[in-house]
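A.B. asks: Here you go, entry.cif (mmCIF, C-alpha atoms):
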data_query
loop_
_atom_site.label_atom_id
_atom_site.label_comp_id
_atom_site.auth_asym_id
_atom_site.auth_seq_id
_atom_site.Cartn_x
_atom_site.Cartn_y
_atom_site.Cartn_z
CA MET A 95 184.61 57.15 199.09
CA LYS A 96 183.49 54.37 201.38
CA PRO A 97 179.92 53.34 200.43
CA LYS A 98 177.11 53.66 202.93
CA TYR A 99 175.04 50.75 201.58
CA ILE A 100 175.59 47.61 199.53
CA PHE A 101 172.61 46.57 197.39
CA PHE A 102 172.23 42.90 196.43
CA ASP A 103 169.97 41.46 193.78
CA MET A 104 168.36 38.15 194.71
CA ASP A 105 167.56 35.99 191.64
CA GLY A 106 170.82 34.70 190.17
CA THR A 107 172.85 36.62 192.75
CA LEU A 108 172.11 35.55 196.33
CA LEU A 109 170.06 32.67 194.91
CA PRO A 110 171.92 30.82 192.12
CA MET A 111 168.70 30.02 190.33
CA ASP A 112 167.38 29.42 186.84
CA GLY A 113 164.48 31.85 186.50
CA GLY A 114 162.66 29.66 184.01
CA VAL A 115 162.72 26.61 186.28
CA PHE A 116 161.56 28.69 189.23
CA ALA A 117 158.66 30.24 187.28
CA ARG A 118 157.44 26.89 185.96
CA THR A 119 157.52 25.33 189.42
CA TYR A 120 155.89 28.38 190.99
CA PHE A 121 152.97 28.27 188.55
CA LYS A 122 152.62 24.51 188.88
CA VAL A 123 152.33 24.67 192.67
CA LEU A 124 150.08 27.74 192.65
CA THR A 125 147.63 26.40 190.06
CA LYS A 126 147.37 23.13 192.00
CA LYS A 127 146.60 25.11 195.15
CA MET A 128 143.90 27.20 193.47
CA LEU A 129 142.21 24.53 191.32
CA PRO A 130 139.82 23.38 194.11
CA TYR A 131 138.65 27.00 194.39
CA GLY A 132 137.53 27.07 190.77
CA TYR A 133 140.56 28.71 189.16
CA GLU A 134 141.49 27.17 185.82
CA PRO A 135 145.30 27.03 185.46
CA GLU A 136 145.58 28.85 182.12
CA ALA A 137 143.32 31.72 183.16
CA LEU A 138 145.07 32.01 186.51
CA ILE A 139 148.51 32.20 184.88
CA ASP A 140 147.25 34.76 182.37
CA GLY A 141 145.96 36.91 185.23
CA ILE A 142 149.17 36.72 187.21
CA ASN A 143 151.27 37.54 184.15
CA ALA A 144 149.03 40.54 183.46
CA GLY A 145 149.58 41.74 187.01
CA ILE A 146 153.34 41.28 186.80
CA THR A 147 153.50 43.06 183.44
CA ALA A 148 151.61 45.99 184.94
CA THR A 149 154.13 46.32 187.77
CA GLN A 150 157.03 46.22 185.32
CA THR A 151 155.67 49.29 183.54
CA ASN A 152 154.69 51.16 186.70
CA ASP A 153 155.21 54.91 186.33
CA GLY A 154 155.34 55.56 190.06
CA THR A 155 151.73 56.64 190.55
CA HIS A 156 150.69 53.42 192.31
CA THR A 157 152.40 50.78 194.38
CA ASN A 158 153.25 47.58 192.55
CA GLU A 159 150.81 45.80 194.86
CA GLU A 160 147.94 48.04 193.75
CA LEU A 161 148.73 47.58 190.08
CA PHE A 162 149.23 43.84 190.38
CA TRP A 163 145.85 43.17 191.98
CA GLU A 164 144.03 45.62 189.71
CA HIS A 165 145.25 43.91 186.55
CA PHE A 166 145.06 40.42 188.03
CA ALA A 167 141.38 41.00 188.84
CA ARG A 168 140.73 42.59 185.44
CA VAL A 169 141.84 39.41 183.68
CA THR A 170 140.79 36.72 186.15
CA GLY A 171 137.71 38.30 187.70
CA GLU A 172 136.92 40.37 190.77
CA ARG A 173 136.64 37.24 192.91
CA VAL A 174 140.43 37.17 193.24
CA LEU A 175 140.15 40.18 195.53
CA LYS A 176 137.83 38.25 197.83
CA ASP A 177 140.16 35.26 197.69
CA ARG A 178 143.32 37.20 198.59
CA PRO A 179 143.61 35.35 201.94
CA ILE A 180 143.87 32.08 200.03
CA PHE A 181 146.69 33.42 197.88
CA GLU A 182 148.43 34.77 200.98
CA ASP A 183 148.16 31.34 202.59
CA PHE A 184 149.87 29.95 199.49
CA TYR A 185 152.99 31.98 200.29
CA ALA A 186 152.95 30.88 203.91
CA VAL A 187 152.69 27.16 203.13
CA ASP A 188 152.91 25.86 199.55
CA PHE A 189 155.43 28.45 198.33
CA GLN A 190 157.93 27.22 200.91
CA ARG A 191 158.15 23.87 199.13
CA ILE A 192 159.77 25.30 196.02
CA SER A 193 162.93 26.53 197.71
CA SER A 194 164.98 23.79 196.04
CA THR A 195 164.36 25.36 192.62
CA CYS A 196 166.35 28.43 193.71
CA GLY A 197 169.59 26.65 194.49
CA TYR A 198 171.94 27.56 197.31
CA THR A 199 175.49 28.79 197.66
CA PRO A 200 177.16 29.34 201.04
CA GLU A 201 179.11 32.19 199.44
CA ALA A 202 175.95 34.32 199.35
CA LYS A 203 175.55 34.18 203.12
CA ALA A 204 179.30 34.60 203.62
CA THR A 205 179.32 37.73 201.47
CA VAL A 206 176.42 39.33 203.31
CA GLU A 207 178.15 38.53 206.59
CA LEU A 208 181.33 40.10 205.22
CA CYS A 209 179.40 43.30 204.57
CA ARG A 210 178.29 43.34 208.19
CA GLU A 211 181.88 42.75 209.28
CA LEU A 212 182.94 45.71 207.15
CA GLU A 213 180.05 47.76 208.59
CA TYR A 214 178.21 48.04 205.28
CA PRO A 215 174.43 47.91 205.78
CA VAL A 216 172.83 45.59 203.21
CA VAL A 217 169.80 46.29 201.04
CA ILE A 218 168.06 43.48 199.14
CA ALA A 219 167.32 45.18 195.82
CA THR A 220 165.29 42.45 194.16
CA GLU A 221 162.53 42.85 191.57
CA PRO A 222 159.53 43.90 193.73
CA ILE A 223 156.79 41.76 192.22
CA PHE A 224 156.18 39.60 195.31
CA PRO A 225 154.83 40.44 198.78
CA LEU A 226 157.35 41.06 201.53
CA PHE A 227 156.57 37.72 203.19
CA ALA A 228 157.63 35.88 200.02
CA MET A 229 160.77 38.01 199.70
CA GLU A 230 161.76 37.28 203.28
CA SER A 231 161.20 33.56 202.69
CA ARG A 232 163.43 33.57 199.64
CA LEU A 233 166.12 35.47 201.50
CA ARG A 234 166.09 32.78 204.18
CA TRP A 235 166.51 30.19 201.41
CA ALA A 236 169.76 32.01 200.59
CA GLY A 237 170.83 31.55 204.23
CA VAL A 238 170.36 35.21 205.15
CA ASP A 239 168.27 36.34 208.12
CA PRO A 240 165.87 39.08 206.93
CA SER A 241 166.34 40.92 210.22
CA SER A 242 170.04 41.36 209.40
CA VAL A 243 169.40 43.59 206.37
CA GLU A 244 168.36 47.22 206.22
CA LEU A 245 165.63 46.98 203.60
CA ILE A 246 164.02 44.48 201.22
CA THR A 247 162.15 45.78 198.20
CA SER A 248 158.69 44.26 197.78
CA TYR A 249 155.49 45.05 195.93
CA GLU A 250 153.77 46.65 198.94
CA THR A 251 156.07 49.68 199.04
CA SER A 252 157.72 49.84 195.61
CA HIS A 253 156.41 52.05 192.80
CA TYR A 254 158.77 50.87 190.06
CA CYS A 255 160.55 47.77 188.78
CA LYS A 256 163.99 47.21 187.34
CA PRO A 257 165.52 48.50 185.12
CA ASP A 258 163.60 51.78 185.62
CA LEU A 259 165.96 54.19 187.32
CA GLY A 260 163.04 55.24 189.50
CA TYR A 261 163.41 51.87 191.24
CA TYR A 262 166.91 52.74 192.42
CA ARG A 263 166.06 56.37 193.19
CA GLU A 264 163.16 55.26 195.37
CA ILE A 265 165.47 53.12 197.49
CA THR A 266 168.13 55.80 197.95
CA ASP A 267 165.44 58.35 198.79
CA LYS A 268 164.08 56.03 201.49
CA LEU A 269 167.57 55.60 202.90
CA GLY A 270 168.31 59.31 202.73
CA VAL A 271 171.51 58.89 200.74
CA SER A 272 172.72 59.72 197.25
CA PRO A 273 173.18 56.97 194.64
CA GLU A 274 176.92 57.74 194.64
CA GLU A 275 177.03 56.48 198.23
CA CYS A 276 175.71 53.03 197.25
CA VAL A 277 176.94 49.91 195.48
CA MET A 278 174.77 47.56 193.39
CA VAL A 279 175.70 43.88 193.09
CA GLY A 280 173.78 41.81 190.58
CA ASN A 281 173.99 39.21 187.84
CA ASP A 282 171.73 40.79 185.20
CA VAL A 283 173.33 43.24 182.78
CA GLY A 284 170.00 44.68 181.70
CA GLU A 285 168.41 45.03 185.15
CA ASP A 286 171.22 45.60 187.64
CA MET A 287 173.92 47.48 185.77
CA PRO A 288 171.65 50.48 184.90
CA ALA A 289 172.12 51.60 188.52
CA GLU A 290 175.46 52.92 187.29
CA LYS A 291 173.62 55.63 185.35
CA LEU A 292 172.64 57.24 188.66
CA GLY A 293 176.22 57.22 189.88
CA MET A 294 176.21 53.94 191.81
CA ARG A 295 179.25 51.75 191.72
CA VAL A 296 178.31 48.34 190.36
CA PHE A 297 179.65 44.79 190.46
CA LEU A 298 178.46 42.24 187.91
CA LEU A 299 178.35 38.78 189.48
CA THR A 300 179.03 36.27 186.73
CA ASP A 301 178.14 32.98 188.46
CA CYS A 302 174.62 33.07 186.95
CA LEU A 303 175.19 35.79 184.39
CA ILE A 304 172.24 37.15 182.38
CA ASN A 305 173.36 39.21 179.41
CA LYS A 306 170.51 39.32 176.92
CA GLN A 307 172.01 42.29 175.13
CA GLU A 308 175.34 40.46 174.69
CA ALA A 309 177.06 43.54 176.07
CA ASP A 310 180.81 43.70 176.61
CA ILE A 311 180.91 42.96 180.34
CA THR A 312 184.52 44.08 180.71
CA ARG A 313 183.21 47.65 181.10
CA TRP A 314 182.04 46.70 184.62
CA THR A 315 183.95 45.17 187.49
CA ASN A 316 182.86 41.55 187.30
CA GLY A 317 183.59 38.06 188.54
CA GLY A 318 182.53 35.40 191.01
CA TYR A 319 181.99 35.60 194.75
CA ALA A 320 185.68 35.32 195.62
CA LYS A 321 186.48 38.39 193.53
CA LEU A 322 183.44 40.22 194.90
CA GLN A 323 184.59 39.63 198.46
CA ARG A 324 188.07 41.00 197.68
CA TRP A 325 186.52 43.99 195.93
CA LEU A 326 184.28 44.76 198.92
CA ARG A 327 187.26 44.64 201.25
CA ASP A 328 189.12 47.08 199.01
CA LEU A 329 186.18 49.51 199.16
CA SER A 330 186.65 49.86 202.90
#
Can you present the structure in this file as structure tokens?

C.D. replies:
Amino acid sequence: MKPKYIFFDMDGTLLPMDGGVFARTYFKVLTKKMLPYGYEPEALIDGINAGITATQTNDGTHTNEELFWEHFARVTGERVLKDRPIFEDFYAVDFQRISSTCGYTPEAKATVELCRELEYPVVIATEPIFPLFAMESRLRWAGVDPSSVELITSYETSHYCKPDLGYYREITDKLGVSPEECVMVGNDVGEDMPAEKLGMRVFLLTDCLINKQEADITRWTNGGYAKLQRWLRDLS
């Protein structure tokens, strides 16, 4: 059956990045931005991590945005809610300077363009712990125009995080399709391959493979971008 949508992960898939390097740079730039406003770096990082952890255990009763700010404020203080415009300005300006930490491969853009050529609408199924503006920025860093994709998951509208199957169900429900009509492409065995449990076809991109469980990856179709492009053509 020809799929109706192709889902792409972002970190390590469209962006050939090292998550640890990105996180360290992100916190360094953010804490520098917020220091003049009275935010001590350690406390600020603790608050953000608390917010992210809350989103990663979301049971679907709140948006990730609501949970993030609730737990961020609980740890850092209620003033963060008043200072939200400052944090939002960070994404518009300072955040843009860390694009180099995410790497770049022209094959990411080429593969998304191939999907359009094959008439497969594309969904950016990335961990929804950032606002949409930040997600769109990072997609541009990968060379992909956000207006060319069907949907980008972000914390404003998502009620789950990977690898919760609710994350994938929420996307397919929004699209009005069954999981069996979709394909998930990602580099993380633990976060992306669980989509298979819902009936999605999956492709494990091995260029920046994350396999914390040391699973036998031969159980999934896997390989680099060249193989992925051939596989997508065969689906049509």

A.B. asks: Applied to the shown file, which residues does the PyMOL selection byres ((chain A and resi 240) around 12) return, written as number ranges by chain?

C.D. replies: A: 203, 206, 216-218, 226-239, 241-247

A.B. asks: Find the residue from A:Pro257, A:Gly293, A:Pro225, A:Pro215 that sits nearest to Phe184 (chain A); use all atoms listed in the file when measuring.

C.D. replies: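 The shortest atom-to-atom distance to Phe184 (chain A) comes from A:Pro225.
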
A.B. asks: Applying the PyMOL selection byres ((chain A and resi 278-281) around 10) to the file I just gave you, which residues come out? Please list them as a PyMOL selection string.

C.D. replies: chain A and resi 99-108+110+217-220+262+273+276-277+282-290+294-305+316-318+322

A.B. asks: May I ask for the distance between CA of Pro130 (chain A) and CA of Asn143 (chain A), given in Å to one decimal place?

C.D. replies: 20.8 Å

A.B. asks: Mind pulling up the distance from CA of Gly171 (chain A) to CA of Phe116 (chain A)?

C.D. replies: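 It comes out at 25.8 Å.
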
A.B. asks: Report, in Å to a single decimal, how far apart CA of Trp314 (chain A) and CA of Phe224 (chain A) are.

C.D. replies: 28.9 Å

A.B. asks: Since I can't run it myself right now, could you work out what the PyMOL selection byres ((chain A and resi 145-154) around 10) selects here and report it as a ChimeraX atom specification?

C.D. replies: /A:139-144,155-169,221-224,249,252-258,260-261,264

A.B. asks: Hey, can you spit out that residue selection with C-alpha atoms as a JSON list (two decimals), in the coordinates of the input?

C.D. replies:
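The resulting file, out01.json, is reproduced below:
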[["chain", "number", "residue", "atom", "x", "y", "z"],
["A", 139, "ILE", "CA", 148.51, 32.20, 184.88],
["A", 140, "ASP", "CA", 147.25, 34.76, 182.37],
["A", 141, "GLY", "CA", 145.96, 36.91, 185.23],
["A", 142, "ILE", "CA", 149.17, 36.72, 187.21],
["A", 143, "ASN", "CA", 151.27, 37.54, 184.15],
["A", 144, "ALA", "CA", 149.03, 40.54, 183.46],
["A", 155, "THR", "CA", 151.73, 56.64, 190.55],
["A", 156, "HIS", "CA", 150.69, 53.42, 192.31],
["A", 157, "THR", "CA", 152.40, 50.78, 194.38],
["A", 158, "ASN", "CA", 153.25, 47.58, 192.55],
["A", 159, "GLU", "CA", 150.81, 45.80, 194.86],
["A", 160, "GLU", "CA", 147.94, 48.04, 193.75],
["A", 161, "LEU", "CA", 148.73, 47.58, 190.08],
["A", 162, "PHE", "CA", 149.23, 43.84, 190.38],
["A", 163, "TRP", "CA", 145.85, 43.17, 191.98],
["A", 164, "GLU", "CA", 144.03, 45.62, 189.71],
["A", 165, "HIS", "CA", 145.25, 43.91, 186.55],
["A", 166, "PHE", "CA", 145.06, 40.42, 188.03],
["A", 167, "ALA", "CA", 141.38, 41.00, 188.84],
["A", 168, "ARG", "CA", 140.73, 42.59, 185.44],
["A", 169, "VAL", "CA", 141.84, 39.41, 183.68],
["A", 221, "GLU", "CA", 162.53, 42.85, 191.57],
["A", 222, "PRO", "CA", 159.53, 43.90, 193.73],
["A", 223, "ILE", "CA", 156.79, 41.76, 192.22],
["A", 224, "PHE", "CA", 156.18, 39.60, 195.31],
["A", 249, "TYR", "CA", 155.49, 45.05, 195.93],
["A", 252, "SER", "CA", 157.72, 49.84, 195.61],
["A", 253, "HIS", "CA", 156.41, 52.05, 192.80],
["A", 254, "TYR", "CA", 158.77, 50.87, 190.06],
["A", 255, "CYS", "CA", 160.55, 47.77, 188.78],
["A", 256, "LYS", "CA", 163.99, 47.21, 187.34],
["A", 257, "PRO", "CA", 165.52, 48.50, 185.12],
["A", 258, "ASP", "CA", 163.60, 51.78, 185.62],
["A", 260, "GLY", "CA", 163.04, 55.24, 189.50],
["A", 261, "TYR", "CA", 163.41, 51.87, 191.24],
["A", 264, "GLU", "CA", 163.16, 55.26, 195.37]]

A.B. asks: List as number ranges by chain the protein and nucleic acid residues near Phe189 (chain A), meaning an atom at most 8 Å away when all atoms listed in the file are counted, but skip any in the same chain fewer than 6 places from it.

C.D. replies: A: 120, 123-124, 228

A.B. asks: Once 4 Å is added on each side, what centre and edge lengths in Å to one decimal does the axis-aligned box around all listed atoms of region 115-119 of chain A have, as JSON?

C.D. replies:
{"center_x": 160.1, "center_y": 27.8, "center_z": 187.7, "size_x": 13.3, "size_y": 12.9, "size_z": 11.5}

A.B. asks: Please determine, counting only C-alpha atoms, which residue among A:Phe121, A:Leu138, A:Pro97, A:Glu275 has the shortest atom-to-atom distance to Ile192 (chain A).

C.D. replies: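 Ranking A:Phe121, A:Leu138, A:Pro97, A:Glu275 by distance to Ile192 (chain A), first place goes to A:Phe121.
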
A.B. asks: Skipping near chain neighbours, those fewer than 2 positions away, what residues fall within 12 Å of Ile180 (chain A) using only C-alpha atoms, listed as a VMD selection string?

C.D. replies: chain A and resid 124 127 to 131 133 173 to 178 182 to 188

A.B. asks: Which polymer residues, whether protein, DNA or RNA, lie within 8 Å of the coordinate (184.3, 40.4, 202.9) when you count all atoms listed in the file? List them as a ChimeraX atom specification, using the chain letters and numbers from the file.

C.D. replies: /A:204-209,211-212,323-324,326-327
